[in-house]
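Below: work32.csv (CSV, C-alpha atoms and all ligand atoms)
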chain,number,residue,atom,x,y,z
W,1,MET,CA,-12.1,-32.8,-11.8
W,2,SER,CA,-9.1,-31.7,-9.7
W,3,GLN,CA,-5.8,-31.1,-11.3
W,4,ASN,CA,-3.8,-32.0,-8.3
W,5,ASN,CA,-3.5,-35.5,-6.9
W,6,ALA,CA,-2.4,-34.3,-3.4
W,7,LEU,CA,-5.3,-31.9,-2.5
W,8,PRO,CA,-5.6,-31.3,1.2
W,9,ASP,CA,-8.7,-32.6,3.1
W,10,ALA,CA,-11.6,-30.3,3.6
W,11,ILE,CA,-11.0,-29.4,7.3
W,12,THR,CA,-7.3,-28.6,6.6
W,13,THR,CA,-8.4,-26.4,3.7
W,14,ILE,CA,-10.9,-24.6,5.9
W,15,HIS,CA,-8.3,-23.8,8.5
W,16,ARG,CA,-5.6,-22.8,6.0
W,17,ARG,CA,-7.9,-20.4,4.2
W,18,LYS,CA,-7.0,-16.7,4.7
W,19,SER,CA,-7.5,-13.5,2.8
W,20,VAL,CA,-4.6,-13.3,0.5
W,21,ARG,CA,-3.6,-9.8,-0.5
W,22,ASN,CA,0.0,-10.5,-1.7
W,23,PHE,CA,0.2,-12.2,-5.1
W,24,THR,CA,3.2,-13.0,-7.2
W,25,GLY,CA,1.7,-11.7,-10.5
W,26,GLN,CA,1.6,-15.1,-12.1
W,27,GLY,CA,-1.5,-16.0,-14.1
W,28,VAL,CA,-4.1,-18.5,-13.1
W,29,ASP,CA,-4.7,-21.6,-15.2
W,30,GLN,CA,-8.1,-21.8,-17.0
W,31,ALA,CA,-8.6,-25.3,-15.7
W,32,GLN,CA,-8.1,-24.1,-12.1
W,33,LEU,CA,-10.6,-21.3,-12.7
W,34,ASP,CA,-13.0,-23.9,-14.0
W,35,THR,CA,-12.6,-26.0,-10.9
W,36,ILE,CA,-13.1,-22.9,-8.7
W,37,LEU,CA,-16.3,-21.9,-10.6
W,38,ARG,CA,-17.7,-25.4,-10.3
W,39,ALA,CA,-17.0,-25.3,-6.6
W,40,GLY,CA,-19.0,-22.0,-6.4
W,41,MET,CA,-22.0,-23.6,-8.1
W,42,ALA,CA,-21.9,-26.6,-5.8
W,43,ALA,CA,-23.0,-24.4,-2.9
W,44,PRO,CA,-26.4,-24.8,-1.2
W,45,THR,CA,-29.2,-22.4,-2.0
W,46,ALA,CA,-32.7,-21.9,-0.6
W,47,VAL,CA,-35.1,-24.2,-2.5
W,48,ASN,CA,-32.2,-25.0,-4.8
W,49,ARG,CA,-32.9,-21.8,-6.8
W,50,GLN,CA,-29.2,-21.1,-7.6
W,51,PRO,CA,-29.8,-17.3,-7.9
W,52,TRP,CA,-26.4,-16.4,-9.1
W,53,SER,CA,-24.1,-15.6,-12.0
W,54,PHE,CA,-20.3,-15.3,-12.1
W,55,VAL,CA,-18.2,-12.9,-14.1
W,56,ALA,CA,-14.7,-14.5,-14.5
W,57,ILE,CA,-12.0,-12.1,-15.5
W,58,THR,CA,-8.4,-12.8,-16.6
W,59,ASP,CA,-7.9,-9.7,-18.9
W,60,ARG,CA,-5.2,-7.5,-17.3
W,61,GLN,CA,-6.9,-4.3,-18.5
W,62,THR,CA,-10.2,-5.2,-16.8
W,63,LEU,CA,-8.4,-6.3,-13.6
W,64,ASP,CA,-6.6,-2.9,-13.5
W,65,GLN,CA,-9.9,-1.0,-14.2
W,66,LEU,CA,-11.5,-2.7,-11.2
W,67,ARG,CA,-8.4,-2.0,-9.1
W,68,ASP,CA,-8.5,1.7,-10.0
W,69,GLY,CA,-12.2,2.1,-9.0
W,70,LEU,CA,-12.3,0.0,-5.8
W,71,PRO,CA,-10.7,1.5,-2.8
W,72,HIS,CA,-10.1,-1.8,-1.0
W,73,ALA,CA,-9.1,-4.0,-3.9
W,74,LYS,CA,-5.6,-2.8,-4.8
W,75,MET,CA,-4.3,-6.3,-4.6
W,76,LEU,CA,-5.9,-6.9,-8.0
W,77,ASN,CA,-2.7,-5.4,-9.3
W,78,LYS,CA,-0.9,-8.7,-9.0
W,79,ALA,CA,-3.8,-11.1,-9.1
W,80,GLY,CA,-4.0,-13.4,-12.1
W,81,ALA,CA,-7.8,-13.4,-12.2
W,82,ALA,CA,-10.9,-12.3,-10.4
W,83,ILE,CA,-14.4,-13.6,-10.0
W,84,VAL,CA,-17.4,-11.3,-9.4
W,85,VAL,CA,-20.1,-13.2,-7.7
W,86,CYS,CA,-23.5,-11.8,-8.7
W,87,ALA,CA,-26.7,-12.3,-6.7
W,88,MET,CA,-30.0,-12.4,-8.7
W,89,PRO,CA,-33.0,-11.7,-6.6
W,90,ASP,CA,-35.4,-12.4,-9.6
W,91,LYS,CA,-34.3,-16.0,-9.5
W,92,ALA,CA,-34.2,-16.4,-5.7
W,93,HIS,CA,-36.8,-18.1,-3.5
W,94,ASP,CA,-39.6,-15.6,-2.9
W,95,GLN,CA,-37.6,-13.3,-5.2
W,96,SER,CA,-35.9,-12.3,-2.0
W,97,LEU,CA,-32.9,-10.1,-2.0
W,98,ALA,CA,-31.9,-11.7,1.3
W,99,PHE,CA,-32.0,-15.2,-0.1
W,100,ALA,CA,-30.1,-14.1,-3.2
W,101,VAL,CA,-27.3,-12.6,-1.1
W,102,ILE,CA,-27.2,-15.5,1.4
W,103,ASP,CA,-27.0,-18.1,-1.5
W,104,SER,CA,-24.4,-16.1,-3.3
W,105,THR,CA,-22.4,-15.8,-0.1
W,106,CYS,CA,-22.4,-19.6,0.2
W,107,ALA,CA,-21.0,-19.8,-3.4
W,108,SER,CA,-18.4,-17.1,-2.5
W,109,GLU,CA,-17.1,-19.1,0.4
W,110,ASN,CA,-16.8,-22.2,-1.7
W,111,ILE,CA,-14.8,-20.2,-4.2
W,112,LEU,CA,-12.4,-19.0,-1.5
W,113,LEU,CA,-12.0,-22.6,-0.2
W,114,ALA,CA,-11.5,-24.0,-3.6
W,115,ALA,CA,-8.7,-21.5,-4.4
W,116,GLU,CA,-7.0,-22.4,-1.1
W,117,ALA,CA,-7.3,-26.1,-1.8
W,118,LEU,CA,-5.6,-25.6,-5.2
W,119,GLY,CA,-2.7,-23.7,-3.6
W,120,LEU,CA,-3.9,-20.4,-4.8
W,121,GLY,CA,-4.9,-17.3,-2.8
W,122,ALA,CA,-8.1,-15.3,-2.9
W,123,LEU,CA,-10.2,-12.9,-0.8
W,124,TRP,CA,-13.6,-11.3,-0.7
W,125,THR,CA,-13.5,-7.6,-1.6
W,126,ALA,CA,-16.7,-5.8,-1.1
W,127,ALA,CA,-19.1,-4.4,-3.6
W,128,TYR,CA,-22.5,-5.0,-1.9
W,129,PRO,CA,-24.0,-3.2,0.0
W,130,ASN,CA,-22.1,-0.1,-1.1
W,131,HIS,CA,-24.1,1.6,-3.8
W,132,ASP,CA,-21.1,3.5,-5.4
W,133,ARG,CA,-19.0,0.3,-5.6
W,134,MET,CA,-21.9,-1.7,-7.0
W,135,ALA,CA,-22.6,1.0,-9.6
W,136,PHE,CA,-18.9,1.0,-10.6
W,137,VAL,CA,-18.7,-2.8,-10.9
W,138,ARG,CA,-21.9,-2.9,-12.9
W,139,LYS,CA,-20.7,-0.2,-15.3
W,140,SER,CA,-17.3,-1.7,-15.7
W,141,LEU,CA,-18.6,-5.2,-16.5
W,142,ARG,CA,-21.9,-4.4,-18.1
W,143,ILE,CA,-23.9,-6.1,-15.3
W,144,PRO,CA,-27.6,-5.4,-15.6
W,145,ASP,CA,-29.3,-3.2,-13.0
W,146,ASN,CA,-31.4,-6.1,-11.5
W,147,VAL,CA,-28.3,-8.1,-10.8
W,148,ILE,CA,-26.2,-7.4,-7.6
W,149,PRO,CA,-22.5,-7.6,-7.8
W,150,LEU,CA,-21.8,-9.0,-4.4
W,151,ASN,CA,-18.1,-8.9,-4.3
W,152,VAL,CA,-14.9,-9.0,-6.4
W,153,ILE,CA,-12.7,-12.0,-5.5
W,154,PRO,CA,-9.1,-11.5,-6.7
W,155,ILE,CA,-7.4,-14.9,-7.3
W,156,GLY,CA,-3.7,-15.5,-7.8
W,157,HIS,CA,-0.5,-17.2,-6.6
W,158,PRO,CA,0.2,-16.3,-3.0
W,159,THR,CA,3.7,-14.9,-2.1
W,160,GLY,CA,3.3,-16.6,1.3
W,161,ALA,CA,3.1,-13.3,3.2
W,162,ASP,CA,-0.5,-13.9,4.3
W,163,GLN,CA,-1.2,-16.5,7.0
W,164,PRO,CA,-4.4,-17.8,8.6
W,165,LYS,CA,-5.6,-16.3,11.8
W,166,ASP,CA,-6.8,-18.4,14.8
W,167,LYS,CA,-10.3,-17.1,15.4
W,168,PHE,CA,-11.6,-19.9,17.6
W,169,LYS,CA,-13.2,-18.5,20.8
W,170,PRO,CA,-14.9,-21.0,23.0
W,171,GLU,CA,-17.0,-18.2,24.6
W,172,ASN,CA,-18.8,-17.9,21.2
W,173,ILE,CA,-20.4,-21.3,21.6
W,174,HIS,CA,-23.5,-21.9,23.7
W,175,TRP,CA,-24.1,-25.6,24.3
W,176,GLU,CA,-27.8,-26.5,24.5
W,177,LYS,CA,-29.0,-23.0,25.5
W,178,TRP,CA,-27.6,-19.4,25.3
E,201,LIG,C1,-18.4,-9.1,3.4
E,201,LIG,C2,-16.9,-9.0,3.4
E,201,LIG,C3,-16.3,-7.9,2.9
E,201,LIG,C4,-14.9,-7.8,2.8
E,201,LIG,N1,-14.3,-6.7,2.1
E,201,LIG,C5,-13.0,-6.6,2.0
E,201,LIG,C6,-12.4,-5.6,1.2
E,201,LIG,O1,-13.1,-4.8,0.5
E,201,LIG,N2,-11.0,-5.5,1.1
E,201,LIG,C7,-10.2,-6.4,1.8
E,201,LIG,O2,-9.0,-6.3,1.7
E,201,LIG,N3,-10.8,-7.4,2.5
E,201,LIG,C8,-12.1,-7.5,2.6
E,201,LIG,N4,-12.7,-8.6,3.3
E,201,LIG,C9,-11.8,-9.6,4.0
E,201,LIG,C10,-11.8,-9.5,5.5
E,201,LIG,O3,-11.0,-8.3,5.8
E,201,LIG,C11,-11.2,-10.7,6.1
E,201,LIG,O4,-12.0,-11.9,5.8
E,201,LIG,C12,-11.1,-10.7,7.6
E,201,LIG,O5,-10.1,-9.7,8.0
E,201,LIG,C13,-10.7,-12.0,8.3
E,201,LIG,O6,-9.4,-12.4,7.7
E,201,LIG,P1,-9.3,-13.8,7.0
E,201,LIG,O7,-10.2,-13.8,5.8
E,201,LIG,O8,-7.8,-13.9,6.6
E,201,LIG,O9,-9.7,-14.9,7.9
E,201,LIG,C14,-14.1,-8.8,3.4
E,201,LIG,C15,-14.7,-9.9,3.9
E,201,LIG,C16,-16.0,-10.0,3.9
E,201,LIG,C17,-16.6,-11.3,4.5
Would you mind writing the file's structure down as structure tokens?
Amino acid sequence: MSQNNALPDAITTIHRRKSVRNFTGQGVDQAQLDTILRAGMAAPTAVNRQPWSFVAITDRQTLDQLRDGLPHAKMLNKAGAAIVVCAMPDKAHDQSLAFAVIDSTCASENILLAAEALGLGALWTAAYPNHDRMAFVRKSLRIPDNVIPLNVIPIGHPTGADQPKDKFKPENIHWEKW
């Protein structure tokens, strides 16, 4: 399934992942987008309901439209693609909004990790839970009202300006009991 024989191992990819906000402007291969979308759908979900849909965007005009309407997604300017992860409460366990969002968040993290593993960059930019941003993304992409646009994930070739942060804090771990 991968296009690259020398993919890094999972732990290396996890630690190398960072929010990439500086892209070269180069396009993203369709095969790489396919690998990334497959990684998204490999995520765990409550009772295996898979309550999600993905809007994959490569059209420059649509990327620019999203950039113009989202205050914290200006890096779409030079991204080659974007994926909007959509949560679908109607399909979720107990038709629960919480499960739909949790499950779609798992898919989103897989997407971020897959992009990193392929040598691309990506980041989560927020739509949910901001009503104005969700309404704007829905309108721009014709997403139905019962579907929640969770985020917009710009994907592209990184310039190298963004680096991973060391966030390990031993005091956040409670062995056995808090
Ligand atoms: C729910 C969520 C919303 C976020 N929204 C934005 C956003 O709108 N714009 C942005 O530039 N980064 C956004 N981020 C990325 C965070 O700023 C970033 O993950 C955090 O600073 C840690 O950096 P790292 O991803 O490089 O480890 C978001 C991340 C999460 C998980």
Identify, counting all atoms listed in the file, the protein, DNA and RNA residues located within 8 Å of ligand LIG 201 (chain E), and give them as a CSV table (one decimal) with C-alpha atoms, in the coordinates of the input.
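Once written, selection_39.csv looks like this:
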chain,number,residue,atom,x,y,z
W,17,ARG,CA,-7.9,-20.4,4.2
W,18,LYS,CA,-7.0,-16.7,4.7
W,19,SER,CA,-7.5,-13.5,2.8
W,20,VAL,CA,-4.6,-13.3,0.5
W,21,ARG,CA,-3.6,-9.8,-0.5
W,70,LEU,CA,-12.3,0.0,-5.8
W,71,PRO,CA,-10.7,1.5,-2.8
W,72,HIS,CA,-10.1,-1.8,-1.0
W,73,ALA,CA,-9.1,-4.0,-3.9
W,75,MET,CA,-4.3,-6.3,-4.6
W,123,LEU,CA,-10.2,-12.9,-0.8
W,124,TRP,CA,-13.6,-11.3,-0.7
W,125,THR,CA,-13.5,-7.6,-1.6
W,126,ALA,CA,-16.7,-5.8,-1.1
W,127,ALA,CA,-19.1,-4.4,-3.6
W,128,TYR,CA,-22.5,-5.0,-1.9
W,151,ASN,CA,-18.1,-8.9,-4.3
W,162,ASP,CA,-0.5,-13.9,4.3
W,163,GLN,CA,-1.2,-16.5,7.0
W,164,PRO,CA,-4.4,-17.8,8.6
W,165,LYS,CA,-5.6,-16.3,11.8
W,167,LYS,CA,-10.3,-17.1,15.4
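In this comparison, which uses all atoms listed in the file, the residue of W:Thr159, W:Asn172, W:Ser104, W:Ser140 approaching Asp68 (chain W) most closely is W:Ser140.
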Distance query Pro44 (chain W) at most 10 Å, all atoms listed in the file, self and fewer than 5 positions along chain excluded, as an MDAnalysis selection string | chainID W and resid 49:50 102:107 110
Between CA of Pro154 (chain W) and CA of Ala114 (chain W) - distance in Å to one decimal =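 One can read the CA of Ala114 (chain W) to CA of Pro154 (chain W) distance as 13.1 Å.
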Using all atoms listed in the file, which of W:Met88, W:Ala135, W:Ile83, W:Leu120 sits nearest Val55 (chain W)?
->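 Smallest separation from Val55 (chain W) among the options: W:Ile83.
Nearest residue to Gln26 (chain W), choosing from W:Ala79, W:Val152, W:Val101, W:Ala87 and counting only C-alpha atoms: W:Ala79.
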Can you work out the spacing between CA of Phe54 (chain W) and CA of Asn77 (chain W) in Å, to one decimal?
->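 Interatomic distance here is 20.4 Å.
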For CA of Ile111 (chain W) and CA of Thr45 (chain W), determine how far apart the two atoms are, in Å to one decimal place.
->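 A separation of 14.7 Å between them.
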Excluding Leu7 (chain W) and residues on its chain fewer than 5 positions from it, collect all residues at most 12 Å away from it, counting all atoms listed in the file, and give them as a PyMOL selection string.
-> chain W and resi 1-2+12-13+113-120
Residues within 10 Å of (5.6, -11.4, -9.5), file coords, only C-alpha atoms, listed as a list of chain:residue names = W:Asn22, W:Phe23, W:Thr24, W:Gly25, W:Gln26, W:Gly27, W:Lys78, W:Ala79, W:His157, W:Pro158, W:Thr159
Using all atoms listed in the file: which of W:Ala98, W:Ile143, W:Ser108, W:His93 has the shortest distance to Ala42 (chain W) = W:Ser108
Return the single residue from W:Ala92, W:Ala43, W:Val137, W:Leu112 that is closest to Pro149 (chain W), with distances computed using all atoms listed in the file.
-> W:Val137
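Once all atoms listed in the file are considered, the residues situated within 6 Å of the file point (-6.3, -9.3, -12.4) turn out to be W:Thr58, W:Arg60, W:Leu63, W:Leu76, W:Ala79, W:Gly80, W:Ala81, W:Ala82.
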Measuring atom to atom with all atoms listed in the file, identify which of W:Gly40, W:Gly69, W:Pro89, W:Gly160 is nearest to Arg133 (chain W).
->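 Selected residue with least distance to Arg133 (chain W): W:Gly69.
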Box in all listed atoms of region 120-131 of chain W, axis-aligned, with 8 Å more on each side; write out centre and edge lengths in Å to one decimal as JSON.
{"center_x": -14.0, "center_y": -9.4, "center_z": -2.4, "size_x": 36.2, "size_y": 38.0, "size_z": 20.8}
